[in-house]
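S.K.: This is the structure I have questions about; it appears just below.
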There are 2 protein chains.
Amino acid sequence: MLMLDGRPAAKALNEKTRRLIAEYGLCVRLAIVMVGDEPSSASYANSIQKRCAAIGIEALRVDLPSDIDEKELIAKVEQLNLDISVNGIMLLRPLPRGINETLVCDSITPEKDVDCASFASLGLLMRNRGFAPCTAQACIELLDYYGIGVKGKRAVVVGRSLVVGKPLALLLMARDATVTVCHSKTLDLPSVTQNCDLLFAAIGKPRFISDEYVSVGQCVVDVGVNFDANGVQCGDVDFAAVNERCGAISPVPFGVGSVTTAVLLNNTTNAAIRQGETHE
Amino acid sequence: MLMLDGRPAAKALNEKTRRLIAEYGLCVRLAIVMVGDEPSSASYANSIQKRCAAIGIEALRVDLPSDIDEKELIAKVEQLNLDISVNGIMLLRPLPRGINETLVCDSITPEKDVDCASFASLGLLMRNRGFAPCTAQACIELLDYYGIGVKGKRAVVVGRSLVVGKPLALLLMARDATVTVCHSKTLDLPSVTQNCDLLFAAIGKPRFISDEYVSVGQCVVDVGVNFDANGVQCGDVDFAAVNERCGAISPVPFGVGSVTTAVLLNNTTNAAIRQGETHE
């Protein structure tokens with residue numbers, strides 16, 4: 001069984017990003033927009049900021065009060081859209097109640113939408129353009145790093161969210177996989193998940209994928225980030241129950257999640273390169 | 001075997017559209033933008049115009065020369081975007097060589113993009129909003145008319161185009177089907193197509209789906225519009241070879257294609273209703 005440890009994959013992608021920055025002589029800047037003080041968002045924002053510093057990307061923290069007016073928030077995003085010193089905009093979600101998250105996401109210009117939050121970015125993704133959501137892209141990067149090909153393979157994605165399931169299906173299709181999307185209404189889910197080469201779990205239920213869902217030799221990528229009843233972090237896959245039969249499996253923590261921020265920084269750097277080309 | 005004749009389905013949808021127009025007291029107007037004189041586009045444009053007249057929608061023909069400048073064409077579309085008397089814009093494709101079709105499609109505002117041509121409309125579709133491409137939606141309407149449920153069913157879509165394959169997959173997912181998208185790089189295609197309840201062929205190859213692809217009792221929806229070596233119109237499915245084993249099958253002609261224009265007129269009418277609500 002090959003363990004798809006995300007840490008070396010993230011390290012390699014960060015190296016690639018660093019080389020890009022040096023090669024193009026870039027000064028890359030990422031705006032991290034944090035509304036309110038939701039603890040998991042705050043912790044993610046801090047982690048992004050730290051990684052930015054390590055790689056040589058300037059993090060512009062934009063911390064806004066949780067009672068900010070929706071229009072004011074959108075005006076702030078639009079200001080960042082226009083600010084040519086900002087290459088990427090990362091809006092931490094969920095936003096506080098009372099704010100229409102969709103409207104705020106849609107106000108991010110696709111050129112700087114490095115986590116694919118707006119409908120325009122999702123539309124570009126349908127055309128295999130623009131930036132994919134970081135978590136979806138992280139799955140692809142993880143497979144790439146471990147030399148696991150996708151072309152011609154049967155892939156099953158469990159989950160149809162806009163941040164993982166659907167975008168991941170598009171990324172896999174673009175790479176010539178045959179892709180099935182399953183969800184809560186899928187009948188006899190194990191019969192579907194057993195019949196594929198690559199299984200992606202993006203359900204949001206602790207250890208949901210048990211041994212009956214997995215067949216021998218499969219590659220299982222766990223996108224879930226959950227905490228079980230004992231407060232222990234775990235994925236959507238019951239790792240202990242299935243890992244021995246897998247050909248490859250990503251753990252939680254230190255699987256896909258470890259690659260997500262590296263993708264964000266890579267997307268931001270590519271945004272800077274494209275913006276440079278447009279401005280020339 | 002149930003024959004999924006598109007004509008009564010189109011008639012029923014047209015009736016629904018007519019009732020909507022009457023109920024809301026609407027004056028609906030569809031701009032049909034035709035660049036050059038590509039015969040199949042011209043014939044489609046004429047057919048749309050005729051159906052508009054029959055249903056009480058005003059067709060505004062915008063015929064433009066094939067050597068029109070791309071910028072001029074986009075300016076024309078933008079003029080239609082702003083014209084409050086126009087509710088929907090149907091751009092006939094393909095556009096003449098030398099014109100960047102994607103750019104022109106993207107200039108159509110989502111509110112009037114009744115055939116889902118722009119990336120913004122595709123992005124809205126990812127969120128189950130906006131208008132779907134008429135042909136993809138026509139598949140759903142055809143199934144609805146014949147009372148063939150989609151929820152919980154296994155659907156296989158062969159083809160991953162932006163006008164049919166991908167949007168159809170999204171529509172099916174939104175209706176709780178478990179959806180697999182296949183394409184030219186799928187290995188052992190028959191093993192995939194045989195294992196589903198609903199098979200959609202959108203490949204663009206005359207009579208490609210032969211008996212080895214179809215299993216007994218399946219519902220087969222043929223989205224293809226081809227002409228064989230003898231100039232005879234046919235679908236992507238070898239109808240004669242498979243129809244007896246199917247539970248249901250749509251013919252070509254008089255299957256999905258017959259419903260497409262009815263969807264266009266229904267989309268345009270819904271666009272008029274939404275625009276009315278926005279303006280109030």
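Residue numbering restarts at 1 in every chain; chains get A, B, ... in the order shown in the structure tokens, and ligands count up from 1 in that same order.
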Please determine the contact residues of chain B with respect to chain A at a cut-off of 8 Å, counting only C-alpha atoms, and supply them as a PyMOL selection string.
M.R.: chain B and resi 119-124+126-127+151-153+160+162+166+173+176-183+185-187
S.K.: Taking the DSSP secondary structure from the backbone, can you list the residues of stretch 37-260 of chain A that are strand (DSSP E), as a ChimeraX atom specification?
M.R.: /A:58-64,88-91,154-158,178-182,198-201,219-222,226-227,233-234,248-249
S.K.: Kindly give the distance, in Å, that separates atom CA of A:Val164 and atom CA of A:Thr135, rounded to a single decimal.
M.R.: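 Going from atom CA of A:Val164 over to atom CA of A:Thr135 covers 6.5 Å.
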S.K.: With a distance cut-off of 7 Å and only C-alpha atoms, select the neighbouring residues of B:Asn87, excluding the residue or stretch itself and same-chain residues fewer than 4 positions from it, and output the selection as a list in words.
M.R.: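 Those residues are Val28, Arg29, Leu30, Lys112, Thr268, Ala271 and Ala272 of chain B.
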S.K.: Which residues come within 10 Å of A:Glu70, counting only C-alpha atoms, excluding same-chain residues fewer than 4 positions away, as number ranges by chain?
M.R.: A: 74-76, 98-101, 103-104
S.K.: Distance atom CA of B:Asp113-atom CA of A:Phe131, one decimal place?
M.R.: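 Interatomic distance, atom CA of B:Asp113 to atom CA of A:Phe131: 23.7 Å.
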S.K.: Quick one: residues within 7 Å of stretch 48-64 of chain A, only C-alpha atoms, excluding same-chain residues fewer than 5 positions away - as a VMD selection string?
M.R.: chain A and resid 18 28 to 36 261
S.K.: Convert the current residue selection to file output with N, CA and C atoms, as an mmCIF file, in the first residue's frame.
M.R.:
data_model
loop_
_atom_site.group_PDB
_atom_site.id
_atom_site.type_symbol
_atom_site.label_atom_id
_atom_site.label_comp_id
_atom_site.auth_asym_id
_atom_site.auth_seq_id
_atom_site.Cartn_x
_atom_site.Cartn_y
_atom_site.Cartn_z
ATOM 1 N N ARG A 18 8.200 28.578 -5.846
ATOM 2 C CA ARG A 18 9.371 29.417 -5.547
ATOM 3 C C ARG A 18 10.201 29.662 -6.809
ATOM 4 N N VAL A 28 4.762 38.779 -5.580
ATOM 5 C CA VAL A 28 3.408 38.216 -5.537
ATOM 6 C C VAL A 28 2.710 38.591 -4.234
ATOM 7 N N ARG A 29 1.441 38.951 -4.371
ATOM 8 C CA ARG A 29 0.704 39.405 -3.190
ATOM 9 C C ARG A 29 -0.682 38.761 -3.162
ATOM 10 N N LEU A 30 -0.989 38.150 -2.021
ATOM 11 C CA LEU A 30 -2.276 37.485 -1.830
ATOM 12 C C LEU A 30 -3.071 38.203 -0.745
ATOM 13 N N ALA A 31 -4.281 38.628 -1.089
ATOM 14 C CA ALA A 31 -5.161 39.218 -0.072
ATOM 15 C C ALA A 31 -5.947 38.104 0.601
ATOM 16 N N ILE A 32 -5.862 38.060 1.913
ATOM 17 C CA ILE A 32 -6.601 37.063 2.700
ATOM 18 C C ILE A 32 -7.715 37.805 3.425
ATOM 19 N N VAL A 33 -8.938 37.567 2.956
ATOM 20 C CA VAL A 33 -10.066 38.325 3.508
ATOM 21 C C VAL A 33 -10.775 37.483 4.563
ATOM 22 N N MET A 34 -10.768 37.995 5.783
ATOM 23 C CA MET A 34 -11.303 37.270 6.935
ATOM 24 C C MET A 34 -12.379 38.142 7.573
ATOM 25 N N VAL A 35 -13.613 37.647 7.550
ATOM 26 C CA VAL A 35 -14.713 38.413 8.133
ATOM 27 C C VAL A 35 -15.122 37.748 9.449
ATOM 28 N N GLY A 36 -15.064 38.496 10.525
ATOM 29 C CA GLY A 36 -15.395 37.941 11.833
ATOM 30 C C GLY A 36 -14.244 37.118 12.384
ATOM 31 N N THR A 261 -2.951 24.455 0.666
ATOM 32 C CA THR A 261 -2.344 25.782 0.734
ATOM 33 C C THR A 261 -1.252 25.947 -0.317
#
S.K.: Point out the residue among A:Leu4, A:Tyr24, A:Asn46, A:Ser40 with the least atom-to-atom distance to A:Arg274, counting only C-alpha atoms.
M.R.: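 Checking each candidate against A:Arg274, we get A:Tyr24 as the closest.
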S.K.: What's the 10 Å shell around A:Ser191, counting only C-alpha atoms, without same-chain residues fewer than 5 positions away, as a ChimeraX atom specification?
M.R.: /A:196,212-215
S.K.: May I ask for the distance between atom CA of A:Pro190 and atom CA of A:Ile209, given in Å to one decimal place?
M.R.: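 Atom CA of A:Ile209 lies at a distance of 8.8 Å from atom CA of A:Pro190.
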S.K.: Find the residues near A:Phe200: any atom within 9 Å, counting only C-alpha atoms, skip ones fewer than 6 places away on the same chain, and give them as a PyMOL selection string.
M.R.: chain A and resi 139+155-159+165+168+219-223
S.K.: Can you write just those residues out, C-alpha atoms, as a tab-separated table (two decimals), in the first residue's frame?
M.R.:
chain	number	residue	atom	x	y	z
A	139	CYS	CA	-6.28	15.95	-5.17
A	155	ALA	CA	-12.84	7.65	-11.17
A	156	VAL	CA	-15.67	7.90	-8.67
A	157	VAL	CA	-16.23	11.13	-6.78
A	158	VAL	CA	-18.53	10.83	-3.77
A	159	GLY	CA	-19.97	14.30	-3.16
A	165	GLY	CA	-17.22	17.27	-5.96
A	168	LEU	CA	-12.94	17.69	-9.11
A	219	CYS	CA	-6.45	4.31	-5.00
A	220	VAL	CA	-8.47	6.15	-2.35
A	221	VAL	CA	-8.19	9.91	-1.90
A	222	ASP	CA	-9.80	11.24	1.24
A	223	VAL	CA	-10.93	14.86	0.98
S.K.: Using only C-alpha atoms, can you tell me which of A:Tyr145, A:Arg19, A:Ala138, A:Gly88 comes closest to A:Ala117?
M.R.: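 Of all the options, A:Gly88 lies closest to A:Ala117.
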